[in-house]
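Engineer: I'd like to ask some things about the structure below.
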Amino acid sequence: MFPDDVQQYAHAARAIAELLDQSKHLVLTTHVRPDGDAIGSLLGLGNALAVRGKRPLLLVPSPVPPFLRFLPGVQGIEVYDPSSQHNRALGAADAIVCLDFNTLARLDQMESPVRGSTALRILIDHHLDPETGFAAALHDANATSTAELVSALVLLEYPEALTPDVAAPLYTGILTDSGNFRFPRVSARTHRIVATLIEHGADPVSIYDAIFNTNTPARIRLLGEVLRTLDIACQGRCAVLSLSQEQAACHGATLDDTEGFVQHTLTIEGVCVGVFLSQMPGRDAVKVSLRSKGNVDVQRVAEQLGGGGHLNAAGAIIERVTLGDAKQQVLGLIDALLSQQQQNC
Ligand SMILES: [Mn+2]
């Protein structure tokens, strides 16, 4: 680590550490439908505080996805249950640490007990435009991940607590939220932090294996079938994949099995918009997943279809439509988008 790498966070980290040190009843939480960064940050900080003798309650609004259940300490995470002691615990907390989200609406059914609690709220996050009301915040929208910021906090305030059980979840958070170190916010600093995590026991090979080498034969066969539907449109700049209900049913696949299929579209040279259309099982509707490169704003396309998302990743559901009509509608919007703006991709 270069000394300057995390120095910009020293002030924020000190303020957070002071609040954490003072609190007896500490709750750590993250957003609904947690991803690798959410759970990695939660466990990274939770395990570091445990080394320091704290016993924070790790409480989340929805279950940990199976691909993250290899992480150390994951069995200690509790899923919020309004009929249990959780409301009392939130009410009695001195501090609630909000990781990887910045608006309390992302807590889903936990939002109202958290809002109702007198606990100080502490923010550690990298999303744009955090809401107000946090007693202390470590926030940087230029960081790859919340786990990168938690790593900075640990390195600045609890360097002795950087054990393998802390390093592995933090590595997982940075790895997954940076698209395996390839998204634009990845920097030399990111790699220096990751190098430090590896030096302290994060194992890149076993972590990658646990997260990514988990396909079933059925999913790979389904992917093969989906890849055969490839269509190139908009003068080679848009790639479309699709999946009908019949194809999905014949492989016994659910929508979860198609997670990540859309990413294959952007691996084609010259393609800057990727689309994956899937008929929703048991519904007369088509799910549209959109990805893009550079400044091509697929969120605008999603919004026109009644959905939403971000600049480079967005989605929508079109009701009462055939797969063919959905494709025509989506391609019309993408064609208009690509001809409107100056595109850099
Ligand atoms: Mn994140």
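Each chain of the structure tokens is named A, B, ... in the order shown, its residues numbered from 1; ligands are numbered from 1 in display order.
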For ligand 1, collect every residue having any atom at a distance of at most 6 Å from a ligand atom (counting only C-alpha atoms and all ligand atoms); output as JSON, numbers by chain.
Structural biologist: {"A": [37, 100, 145, 146, 177]}
Engineer: Selected residues, N, CA, C and O atoms, written as a PDB file, in the first residue's frame, please.
Structural biologist:
```pdb
ATOM      1  N   ASP A  37     -20.934  -7.372  -3.165  1.00  0.00           N
ATOM      2  CA  ASP A  37     -20.385  -6.221  -2.445  1.00  0.00           C
ATOM      3  C   ASP A  37     -21.131  -6.005  -1.130  1.00  0.00           C
ATOM      4  O   ASP A  37     -20.526  -5.689  -0.109  1.00  0.00           O
ATOM      5  N   ASP A 100     -23.413  -0.199   1.492  1.00  0.00           N
ATOM      6  CA  ASP A 100     -23.690  -0.424   0.068  1.00  0.00           C
ATOM      7  C   ASP A 100     -25.087   0.028  -0.378  1.00  0.00           C
ATOM      8  O   ASP A 100     -25.633  -0.504  -1.333  1.00  0.00           O
ATOM      9  N   SER A 145     -16.399  -0.053  -5.172  1.00  0.00           N
ATOM     10  CA  SER A 145     -17.262  -0.870  -4.348  1.00  0.00           C
ATOM     11  C   SER A 145     -17.276  -0.332  -2.933  1.00  0.00           C
ATOM     12  O   SER A 145     -16.360   0.387  -2.524  1.00  0.00           O
ATOM     13  N   THR A 146     -18.306  -0.717  -2.196  1.00  0.00           N
ATOM     14  CA  THR A 146     -18.317  -0.405  -0.765  1.00  0.00           C
ATOM     15  C   THR A 146     -17.193  -1.165  -0.070  1.00  0.00           C
ATOM     16  O   THR A 146     -16.569  -0.661   0.865  1.00  0.00           O
ATOM     17  N   ASP A 177     -18.132  -6.358  -7.591  1.00  0.00           N
ATOM     18  CA  ASP A 177     -18.658  -5.041  -7.970  1.00  0.00           C
ATOM     19  C   ASP A 177     -17.807  -4.348  -9.035  1.00  0.00           C
ATOM     20  O   ASP A 177     -18.252  -3.374  -9.631  1.00  0.00           O
TER      21      ASP A 177
END
```
Engineer: Could you pull the residues within 8 Å of stretch 245-249 of chain A, counting only C-alpha atoms, minus those fewer than 3 positions along the same chain, as a compact mmCIF listing (two decimals) with all heavy atoms, in the first residue's frame?
Structural biologist:
```
# COMPACT_ATOMS: atom_id res chain seq x y z
N LEU A 222 -28.66 -24.56 -21.65
CA LEU A 222 -29.59 -23.46 -21.92
C LEU A 222 -28.85 -22.28 -22.54
O LEU A 222 -29.34 -21.67 -23.50
CB LEU A 222 -30.26 -23.03 -20.61
CG LEU A 222 -31.30 -21.92 -20.72
CD1 LEU A 222 -32.54 -22.44 -21.44
CD2 LEU A 222 -31.69 -21.40 -19.35
N GLU A 225 -28.33 -22.84 -26.16
CA GLU A 225 -29.55 -22.59 -26.93
C GLU A 225 -29.81 -21.09 -27.11
O GLU A 225 -30.17 -20.63 -28.19
CB GLU A 225 -30.74 -23.24 -26.21
CG GLU A 225 -31.96 -23.27 -27.06
CD GLU A 225 -32.78 -24.53 -26.81
OE1 GLU A 225 -32.23 -25.53 -26.29
OE2 GLU A 225 -33.95 -24.50 -27.15
N GLY A 252 -36.12 -27.08 -18.10
CA GLY A 252 -36.48 -26.95 -16.69
C GLY A 252 -35.83 -25.75 -16.05
O GLY A 252 -35.49 -25.75 -14.87
N ALA A 253 -35.65 -24.67 -16.84
CA ALA A 253 -34.91 -23.51 -16.34
C ALA A 253 -35.84 -22.47 -15.74
O ALA A 253 -36.99 -22.35 -16.11
CB ALA A 253 -34.12 -22.87 -17.49
N THR A 254 -35.31 -21.73 -14.79
CA THR A 254 -36.02 -20.58 -14.23
C THR A 254 -35.29 -19.33 -14.70
O THR A 254 -34.21 -19.41 -15.28
CB THR A 254 -36.00 -20.61 -12.69
OG1 THR A 254 -34.63 -20.44 -12.28
CG2 THR A 254 -36.55 -21.91 -12.16
N SER A 278 -36.45 -12.32 -22.50
CA SER A 278 -36.92 -13.63 -22.06
C SER A 278 -38.40 -13.58 -21.70
O SER A 278 -38.83 -12.68 -20.98
CB SER A 278 -36.09 -14.13 -20.87
OG SER A 278 -36.01 -13.15 -19.88
N GLN A 279 -39.13 -14.53 -22.27
CA GLN A 279 -40.56 -14.63 -21.93
C GLN A 279 -40.67 -15.07 -20.48
O GLN A 279 -40.00 -16.03 -20.06
CB GLN A 279 -41.23 -15.66 -22.83
CG GLN A 279 -41.89 -15.05 -24.03
CD GLN A 279 -42.59 -16.08 -24.88
OE1 GLN A 279 -42.20 -17.26 -24.90
NE2 GLN A 279 -43.60 -15.65 -25.61
N MET A 280 -41.53 -14.40 -19.73
CA MET A 280 -41.61 -14.72 -18.30
C MET A 280 -42.52 -15.91 -18.07
O MET A 280 -43.63 -15.95 -18.61
CB MET A 280 -42.08 -13.51 -17.53
CG MET A 280 -41.10 -12.36 -17.70
SD MET A 280 -41.44 -10.96 -16.65
CE MET A 280 -41.08 -11.61 -15.04
N PRO A 281 -42.04 -16.91 -17.31
CA PRO A 281 -42.83 -18.13 -17.11
C PRO A 281 -44.18 -17.83 -16.46
O PRO A 281 -44.23 -17.08 -15.48
CB PRO A 281 -41.96 -19.00 -16.21
CG PRO A 281 -40.82 -18.16 -15.79
CD PRO A 281 -40.77 -16.93 -16.62
```
Engineer: Under the rule that only C-alpha atoms are counted, which of A:Ser83, A:Thr29, A:Ser151, A:Thr190 is the nearest residue to A:Val60?
Structural biologist: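 Selected residue with least distance to A:Val60: A:Thr29.
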Engineer: Which of these residues is nearest to A:Ala119, using only C-alpha atoms: A:Thr265, A:Ser178, A:Ser23, A:Thr30?
Structural biologist: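 Ranking A:Thr265, A:Ser178, A:Ser23, A:Thr30 by distance to A:Ala119, first place goes to A:Ser23.
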Engineer: I'd like the neighbourhood of A:Asn87 as a PDB file with all heavy atoms, in the first residue's frame, where a residue qualifies if any of its atoms comes within 10 Å (using only C-alpha atoms), though same-chain residues fewer than 5 positions away should be ignored.
Structural biologist:
```pdb
ATOM      1  N   TYR A  80     -34.052 -10.457   8.460  1.00  0.00           N
ATOM      2  CA  TYR A  80     -35.049  -9.718   9.234  1.00  0.00           C
ATOM      3  C   TYR A  80     -36.396 -10.440   9.270  1.00  0.00           C
ATOM      4  O   TYR A  80     -36.911 -10.868   8.230  1.00  0.00           O
ATOM      5  CB  TYR A  80     -35.224  -8.321   8.639  1.00  0.00           C
ATOM      6  CG  TYR A  80     -36.325  -7.520   9.292  1.00  0.00           C
ATOM      7  CD1 TYR A  80     -36.194  -7.046  10.589  1.00  0.00           C
ATOM      8  CD2 TYR A  80     -37.504  -7.237   8.596  1.00  0.00           C
ATOM      9  CE1 TYR A  80     -37.207  -6.311  11.185  1.00  0.00           C
ATOM     10  CE2 TYR A  80     -38.515  -6.495   9.183  1.00  0.00           C
ATOM     11  CZ  TYR A  80     -38.370  -6.049  10.479  1.00  0.00           C
ATOM     12  OH  TYR A  80     -39.375  -5.335  11.072  1.00  0.00           O
ATOM     13  N   ASP A  81     -36.935 -10.552  10.460  1.00  0.00           N
ATOM     14  CA  ASP A  81     -38.248 -11.169  10.659  1.00  0.00           C
ATOM     15  C   ASP A  81     -39.032 -10.262  11.616  1.00  0.00           C
ATOM     16  O   ASP A  81     -38.681 -10.152  12.793  1.00  0.00           O
ATOM     17  CB  ASP A  81     -38.050 -12.572  11.260  1.00  0.00           C
ATOM     18  CG  ASP A  81     -39.379 -13.231  11.596  1.00  0.00           C
ATOM     19  OD1 ASP A  81     -40.438 -12.590  11.426  1.00  0.00           O
ATOM     20  OD2 ASP A  81     -39.345 -14.402  12.042  1.00  0.00           O
ATOM     21  N   PRO A  82     -40.056  -9.596  11.086  1.00  0.00           N
ATOM     22  CA  PRO A  82     -40.770  -8.603  11.926  1.00  0.00           C
ATOM     23  C   PRO A  82     -41.426  -9.220  13.155  1.00  0.00           C
ATOM     24  O   PRO A  82     -41.691  -8.512  14.130  1.00  0.00           O
ATOM     25  CB  PRO A  82     -41.818  -8.007  10.975  1.00  0.00           C
ATOM     26  CG  PRO A  82     -41.854  -8.877   9.783  1.00  0.00           C
ATOM     27  CD  PRO A  82     -40.584  -9.657   9.726  1.00  0.00           C
ATOM     28  N   ALA A  92     -33.282  -0.865  20.163  1.00  0.00           N
ATOM     29  CA  ALA A  92     -32.318  -0.716  21.262  1.00  0.00           C
ATOM     30  C   ALA A  92     -30.900  -0.412  20.775  1.00  0.00           C
ATOM     31  O   ALA A  92     -30.004  -0.197  21.587  1.00  0.00           O
ATOM     32  CB  ALA A  92     -32.301  -2.000  22.090  1.00  0.00           C
ATOM     33  N   ALA A  93     -30.698  -0.400  19.456  1.00  0.00           N
ATOM     34  CA  ALA A  93     -29.337  -0.209  18.934  1.00  0.00           C
ATOM     35  C   ALA A  93     -28.848   1.210  19.195  1.00  0.00           C
ATOM     36  O   ALA A  93     -29.622   2.163  19.196  1.00  0.00           O
ATOM     37  CB  ALA A  93     -29.308  -0.496  17.432  1.00  0.00           C
ATOM     38  N   MET A 110     -37.408  -3.507   6.312  1.00  0.00           N
ATOM     39  CA  MET A 110     -36.644  -3.038   7.480  1.00  0.00           C
ATOM     40  C   MET A 110     -36.605  -1.515   7.558  1.00  0.00           C
ATOM     41  O   MET A 110     -36.123  -0.957   8.553  1.00  0.00           O
ATOM     42  CB  MET A 110     -35.202  -3.558   7.397  1.00  0.00           C
ATOM     43  CG  MET A 110     -34.929  -4.802   8.219  1.00  0.00           C
ATOM     44  SD  MET A 110     -33.248  -5.392   7.938  1.00  0.00           S
ATOM     45  CE  MET A 110     -32.279  -4.177   8.828  1.00  0.00           C
ATOM     46  N   SER A 112     -38.864   0.860   7.937  1.00  0.00           N
ATOM     47  CA  SER A 112     -39.591   1.592   8.971  1.00  0.00           C
ATOM     48  C   SER A 112     -39.027   1.357  10.375  1.00  0.00           C
ATOM     49  O   SER A 112     -38.835   2.330  11.118  1.00  0.00           O
ATOM     50  CB  SER A 112     -41.101   1.341   8.814  1.00  0.00           C
ATOM     51  OG  SER A 112     -41.613   0.638   9.862  1.00  0.00           O
ATOM     52  N   PRO A 113     -38.667   0.124  10.784  1.00  0.00           N
ATOM     53  CA  PRO A 113     -38.019   0.006  12.101  1.00  0.00           C
ATOM     54  C   PRO A 113     -36.672   0.726  12.184  1.00  0.00           C
ATOM     55  O   PRO A 113     -36.304   1.227  13.259  1.00  0.00           O
ATOM     56  CB  PRO A 113     -37.859  -1.509  12.305  1.00  0.00           C
ATOM     57  CG  PRO A 113     -38.077  -2.145  10.989  1.00  0.00           C
ATOM     58  CD  PRO A 113     -38.958  -1.216  10.202  1.00  0.00           C
ATOM     59  N   VAL A 114     -35.923   0.808  11.067  1.00  0.00           N
ATOM     60  CA  VAL A 114     -34.643   1.528  11.111  1.00  0.00           C
ATOM     61  C   VAL A 114     -34.900   3.024  11.251  1.00  0.00           C
ATOM     62  O   VAL A 114     -34.264   3.706  12.053  1.00  0.00           O
ATOM     63  CB  VAL A 114     -33.781   1.209   9.864  1.00  0.00           C
ATOM     64  CG1 VAL A 114     -32.607   2.174   9.748  1.00  0.00           C
ATOM     65  CG2 VAL A 114     -33.272  -0.231   9.926  1.00  0.00           C
ATOM     66  N   GLY A 116     -37.460   4.332  12.585  1.00  0.00           N
ATOM     67  CA  GLY A 116     -38.055   4.561  13.903  1.00  0.00           C
ATOM     68  C   GLY A 116     -37.062   4.447  15.046  1.00  0.00           C
ATOM     69  O   GLY A 116     -37.343   4.875  16.162  1.00  0.00           O
ATOM     70  N   SER A 117     -35.894   3.867  14.784  1.00  0.00           N
ATOM     71  CA  SER A 117     -34.908   3.671  15.843  1.00  0.00           C
ATOM     72  C   SER A 117     -34.196   4.987  16.163  1.00  0.00           C
ATOM     73  O   SER A 117     -33.968   5.815  15.286  1.00  0.00           O
ATOM     74  CB  SER A 117     -33.873   2.635  15.390  1.00  0.00           C
ATOM     75  OG  SER A 117     -32.810   2.585  16.300  1.00  0.00           O
TER      76      SER A 117
END
```
Engineer: Give me, as a ChimeraX atom specification, all polymer residues having an atom no more than 12 Å from A:Thr258, counting only C-alpha atoms and skipping those fewer than 6 positions away in the same chain.
Structural biologist: /A:215-216,218-227,241-244,247-248,251-252,264,276-280,287,289
Engineer: Could you write those residues out with N, CA and C atoms, as a short mmCIF file (atom, residue, chain, number, x, y, z; two decimals), in the first residue's frame?
Structural biologist:
```
data_model
loop_
_atom_site.label_atom_id
_atom_site.label_comp_id
_atom_site.auth_asym_id
_atom_site.auth_seq_id
_atom_site.Cartn_x
_atom_site.Cartn_y
_atom_site.Cartn_z
N ASN A 215 -21.68 -23.33 -12.45
CA ASN A 215 -22.75 -23.66 -13.41
C ASN A 215 -23.20 -25.09 -13.28
N THR A 216 -24.47 -25.34 -13.59
CA THR A 216 -24.96 -26.71 -13.72
C THR A 216 -24.92 -27.07 -15.21
N ALA A 218 -27.31 -28.12 -16.94
CA ALA A 218 -28.54 -27.60 -17.55
C ALA A 218 -28.39 -26.12 -17.93
N ARG A 219 -27.71 -25.37 -17.08
CA ARG A 219 -27.55 -23.94 -17.39
C ARG A 219 -26.65 -23.74 -18.62
N ILE A 220 -25.60 -24.55 -18.72
CA ILE A 220 -24.70 -24.43 -19.88
C ILE A 220 -25.44 -24.83 -21.16
N ARG A 221 -26.28 -25.88 -21.08
CA ARG A 221 -27.06 -26.27 -22.27
C ARG A 221 -28.04 -25.16 -22.66
N LEU A 222 -28.66 -24.56 -21.65
CA LEU A 222 -29.59 -23.46 -21.92
C LEU A 222 -28.85 -22.28 -22.54
N LEU A 223 -27.67 -21.99 -22.03
CA LEU A 223 -26.86 -20.89 -22.60
C LEU A 223 -26.58 -21.18 -24.08
N GLY A 224 -26.24 -22.44 -24.39
CA GLY A 224 -25.98 -22.81 -25.78
C GLY A 224 -27.16 -22.50 -26.66
N GLU A 225 -28.33 -22.84 -26.16
CA GLU A 225 -29.55 -22.59 -26.93
C GLU A 225 -29.81 -21.09 -27.11
N VAL A 226 -29.60 -20.34 -26.05
CA VAL A 226 -29.81 -18.88 -26.11
C VAL A 226 -28.81 -18.24 -27.08
N LEU A 227 -27.55 -18.69 -27.05
CA LEU A 227 -26.53 -18.11 -27.93
C LEU A 227 -26.86 -18.34 -29.40
N LEU A 241 -30.15 -11.39 -27.82
CA LEU A 241 -30.36 -12.81 -27.50
C LEU A 241 -31.79 -12.95 -26.98
N SER A 242 -32.40 -14.11 -27.20
CA SER A 242 -33.76 -14.28 -26.67
C SER A 242 -34.00 -15.71 -26.19
N LEU A 243 -35.03 -15.82 -25.35
CA LEU A 243 -35.40 -17.12 -24.78
C LEU A 243 -36.92 -17.18 -24.67
N SER A 244 -37.50 -18.20 -25.33
CA SER A 244 -38.95 -18.36 -25.25
C SER A 244 -39.30 -19.22 -24.04
N GLN A 247 -38.54 -22.95 -24.75
CA GLN A 247 -37.13 -23.31 -24.60
C GLN A 247 -36.76 -23.44 -23.12
N ALA A 248 -37.21 -22.47 -22.34
CA ALA A 248 -36.89 -22.49 -20.90
C ALA A 248 -37.49 -23.72 -20.25
N HIS A 251 -35.76 -27.09 -20.74
CA HIS A 251 -34.55 -27.31 -19.94
C HIS A 251 -34.85 -27.25 -18.45
N GLY A 252 -36.12 -27.08 -18.10
CA GLY A 252 -36.48 -26.95 -16.69
C GLY A 252 -35.83 -25.75 -16.05
N HIS A 264 -22.87 -11.74 -22.53
CA HIS A 264 -22.20 -12.28 -23.72
C HIS A 264 -22.35 -11.37 -24.93
N PHE A 276 -31.11 -8.86 -23.90
CA PHE A 276 -31.57 -10.23 -23.69
C PHE A 276 -33.07 -10.17 -23.38
N LEU A 277 -33.84 -10.86 -24.23
CA LEU A 277 -35.30 -10.88 -24.09
C LEU A 277 -35.71 -12.25 -23.61
N SER A 278 -36.45 -12.32 -22.50
CA SER A 278 -36.92 -13.63 -22.06
C SER A 278 -38.40 -13.58 -21.70
N GLN A 279 -39.13 -14.53 -22.27
CA GLN A 279 -40.56 -14.63 -21.93
C GLN A 279 -40.67 -15.07 -20.48
N MET A 280 -41.53 -14.40 -19.73
CA MET A 280 -41.61 -14.72 -18.30
C MET A 280 -42.52 -15.91 -18.07
N LYS A 287 -39.36 -10.07 -20.33
CA LYS A 287 -38.38 -9.33 -19.54
C LYS A 287 -37.26 -8.87 -20.48
N SER A 289 -33.52 -7.21 -20.69
CA SER A 289 -32.29 -6.81 -20.00
C SER A 289 -31.41 -6.08 -21.00
#
```
Engineer: If DSSP is run on the backbone, what residues of stretch 123-202 of chain A are alpha helix (DSSP H)? A reply as an NGL selection string would be ideal.
Structural biologist: :A and (146-157 or 164-177 or 188-199)
Engineer: For the selection you just gave me, I'd like the residues written to a file as a compact mmCIF listing (two decimals), in the first residue's frame, keeping N, CA and C atoms.
Structural biologist:
```txt
# COMPACT_ATOMS: atom_id res chain seq x y z
N THR A 146 -18.31 -0.72 -2.20
CA THR A 146 -18.32 -0.41 -0.76
C THR A 146 -17.19 -1.16 -0.07
N ALA A 147 -16.90 -2.38 -0.55
CA ALA A 147 -15.83 -3.18 0.08
C ALA A 147 -14.47 -2.48 -0.01
N GLU A 148 -14.26 -1.71 -1.08
CA GLU A 148 -13.01 -0.95 -1.17
C GLU A 148 -12.95 0.10 -0.05
N LEU A 149 -14.10 0.69 0.25
CA LEU A 149 -14.15 1.70 1.32
C LEU A 149 -14.04 1.06 2.70
N VAL A 150 -14.66 -0.11 2.87
CA VAL A 150 -14.53 -0.82 4.16
C VAL A 150 -13.06 -1.24 4.34
N SER A 151 -12.42 -1.66 3.24
CA SER A 151 -10.99 -2.01 3.32
C SER A 151 -10.19 -0.81 3.81
N ALA A 152 -10.50 0.36 3.27
CA ALA A 152 -9.79 1.58 3.70
C ALA A 152 -10.02 1.83 5.19
N LEU A 153 -11.27 1.67 5.63
CA LEU A 153 -11.59 1.87 7.05
C LEU A 153 -10.78 0.91 7.92
N VAL A 154 -10.75 -0.36 7.53
CA VAL A 154 -10.03 -1.37 8.31
C VAL A 154 -8.53 -1.05 8.32
N LEU A 155 -7.98 -0.69 7.15
CA LEU A 155 -6.54 -0.40 7.07
C LEU A 155 -6.17 0.82 7.91
N LEU A 156 -7.06 1.81 7.94
CA LEU A 156 -6.77 3.04 8.69
C LEU A 156 -6.97 2.87 10.18
N GLU A 157 -8.05 2.16 10.56
CA GLU A 157 -8.45 2.16 11.97
C GLU A 157 -8.20 0.83 12.69
N PRO A 164 -7.61 -13.29 7.61
CA PRO A 164 -8.17 -13.89 6.39
C PRO A 164 -9.69 -13.82 6.35
N ASP A 165 -10.36 -13.92 7.51
CA ASP A 165 -11.83 -13.86 7.54
C ASP A 165 -12.36 -12.46 7.23
N VAL A 166 -11.51 -11.48 7.32
CA VAL A 166 -11.89 -10.11 6.93
C VAL A 166 -11.49 -9.87 5.47
N ALA A 167 -10.30 -10.33 5.11
CA ALA A 167 -9.77 -10.07 3.77
C ALA A 167 -10.61 -10.77 2.69
N ALA A 168 -11.06 -12.01 2.95
CA ALA A 168 -11.79 -12.76 1.91
C ALA A 168 -13.12 -12.11 1.53
N PRO A 169 -13.96 -11.73 2.49
CA PRO A 169 -15.20 -11.06 2.09
C PRO A 169 -14.96 -9.72 1.39
N LEU A 170 -13.95 -8.97 1.84
CA LEU A 170 -13.68 -7.67 1.21
C LEU A 170 -13.19 -7.88 -0.22
N TYR A 171 -12.34 -8.88 -0.42
CA TYR A 171 -11.88 -9.21 -1.78
C TYR A 171 -13.07 -9.57 -2.66
N THR A 172 -14.00 -10.37 -2.10
CA THR A 172 -15.20 -10.78 -2.85
C THR A 172 -16.03 -9.58 -3.27
N GLY A 173 -16.18 -8.62 -2.37
CA GLY A 173 -16.96 -7.42 -2.69
C GLY A 173 -16.34 -6.61 -3.82
N ILE A 174 -15.02 -6.44 -3.76
CA ILE A 174 -14.35 -5.65 -4.80
C ILE A 174 -14.38 -6.41 -6.12
N LEU A 175 -14.10 -7.71 -6.06
CA LEU A 175 -14.10 -8.54 -7.27
C LEU A 175 -15.45 -8.47 -8.00
N THR A 176 -16.53 -8.68 -7.28
CA THR A 176 -17.84 -8.77 -7.93
C THR A 176 -18.33 -7.40 -8.38
N ASP A 177 -18.13 -6.36 -7.59
CA ASP A 177 -18.66 -5.04 -7.97
C ASP A 177 -17.81 -4.35 -9.03
N ALA A 188 -5.38 1.98 -10.06
CA ALA A 188 -4.17 1.40 -9.48
C ALA A 188 -4.37 1.21 -7.97
N ARG A 189 -5.06 2.16 -7.37
CA ARG A 189 -5.32 2.03 -5.93
C ARG A 189 -6.15 0.79 -5.62
N THR A 190 -7.16 0.53 -6.46
CA THR A 190 -7.98 -0.68 -6.25
C THR A 190 -7.05 -1.89 -6.19
N HIS A 191 -6.14 -1.97 -7.14
CA HIS A 191 -5.25 -3.13 -7.19
C HIS A 191 -4.29 -3.17 -5.99
N ARG A 192 -3.88 -2.02 -5.52
CA ARG A 192 -3.00 -2.03 -4.34
C ARG A 192 -3.77 -2.49 -3.09
N ILE A 193 -5.03 -2.06 -2.99
CA ILE A 193 -5.85 -2.53 -1.86
C ILE A 193 -6.05 -4.03 -1.97
N VAL A 194 -6.38 -4.49 -3.18
CA VAL A 194 -6.60 -5.92 -3.39
C VAL A 194 -5.32 -6.70 -3.08
N ALA A 195 -4.18 -6.16 -3.47
CA ALA A 195 -2.90 -6.84 -3.17
C ALA A 195 -2.73 -6.99 -1.65
N THR A 196 -3.10 -5.95 -0.92
CA THR A 196 -3.00 -6.00 0.54
C THR A 196 -3.94 -7.08 1.10
N LEU A 197 -5.15 -7.17 0.52
CA LEU A 197 -6.09 -8.20 1.00
C LEU A 197 -5.53 -9.60 0.74
N ILE A 198 -4.88 -9.78 -0.42
CA ILE A 198 -4.28 -11.08 -0.74
C ILE A 198 -3.15 -11.39 0.25
N GLU A 199 -2.34 -10.37 0.53
CA GLU A 199 -1.26 -10.56 1.51
C GLU A 199 -1.79 -10.95 2.89
```
Engineer: Find the residues near A:Gly309: any atom within 8 Å, counting only C-alpha atoms, skip ones fewer than 6 places away on the same chain, and give them as a list in words.
Structural biologist: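 With the cut-off at 8 Å, the set is Gln299, Ala302 and Gly315 of chain A.
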Engineer: Write a file of the selected residues as a PDB file, in the first residue's frame, keeping N, CA and C atoms.
Structural biologist:
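Wrote it out as again_32.pdb, contents follow:
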```pdb
ATOM      1  N   GLN A 299     -30.482   3.248 -19.980  1.00  0.00           N
ATOM      2  CA  GLN A 299     -31.517   3.586 -18.999  1.00  0.00           C
ATOM      3  C   GLN A 299     -32.667   4.313 -19.689  1.00  0.00           C
ATOM      4  N   ALA A 302     -34.895   1.791 -21.259  1.00  0.00           N
ATOM      5  CA  ALA A 302     -35.664   1.086 -20.219  1.00  0.00           C
ATOM      6  C   ALA A 302     -36.809   1.953 -19.709  1.00  0.00           C
ATOM      7  N   GLY A 315     -33.221  -2.325 -17.348  1.00  0.00           N
ATOM      8  CA  GLY A 315     -34.162  -3.381 -17.702  1.00  0.00           C
ATOM      9  C   GLY A 315     -35.591  -2.930 -17.569  1.00  0.00           C
TER      10      GLY A 315
END
```
Engineer: Skipping near chain neighbours, those fewer than 4 positions away, what residues fall within 6 Å of stretch 316-329 of chain A using only C-alpha atoms, listed as a PyMOL selection string?
Structural biologist: chain A and resi 284-288+302+307
Engineer: Taking the DSSP assignment computed from this structure's backbone, write out as a ChimeraX atom specification all residues of stretch 90-293 of chain A that belong to strand (DSSP E or B).
Structural biologist: /A:95-99,120-125,136-139,231-233,238-243,273-279,285-292
Engineer: Find the residues near stretch 64-69 of chain A: any atom within 9 Å, counting only C-alpha atoms, skip ones fewer than 2 places away on the same chain, and give them as a count of residues only.
Structural biologist: 19
Engineer: Please report, as a Markdown table, each residue of stretch 93-141 of chain A lying at most 12 Å from stretch 42-51 of chain A, together with the nearest pair of atoms and the separation in Å rounded to one decimal; use only C-alpha atoms, and order rows by chain and ascending residue number.
Structural biologist:
```
| residue | atom | partner | partner_atom | distance |
| --- | --- | --- | --- | --- |
| A:Ile96 | CA | A:Leu42 | CA | 11.8 |
| A:Val97 | CA | A:Leu42 | CA | 9.1 |
| A:Cys98 | CA | A:Leu42 | CA | 9.0 |
| A:Leu99 | CA | A:Leu42 | CA | 6.7 |
| A:Asp100 | CA | A:Leu42 | CA | 8.9 |
| A:Phe101 | CA | A:Leu42 | CA | 11.8 |
| A:Ile124 | CA | A:Leu42 | CA | 10.3 |
| A:Asp125 | CA | A:Leu42 | CA | 11.5 |
```
Engineer: With only C-alpha atoms as the atoms that count, which of A:Gly270, A:Gly294, A:Pro204, A:Gly332 lies nearest to A:Pro184?
Structural biologist: A:Gly294
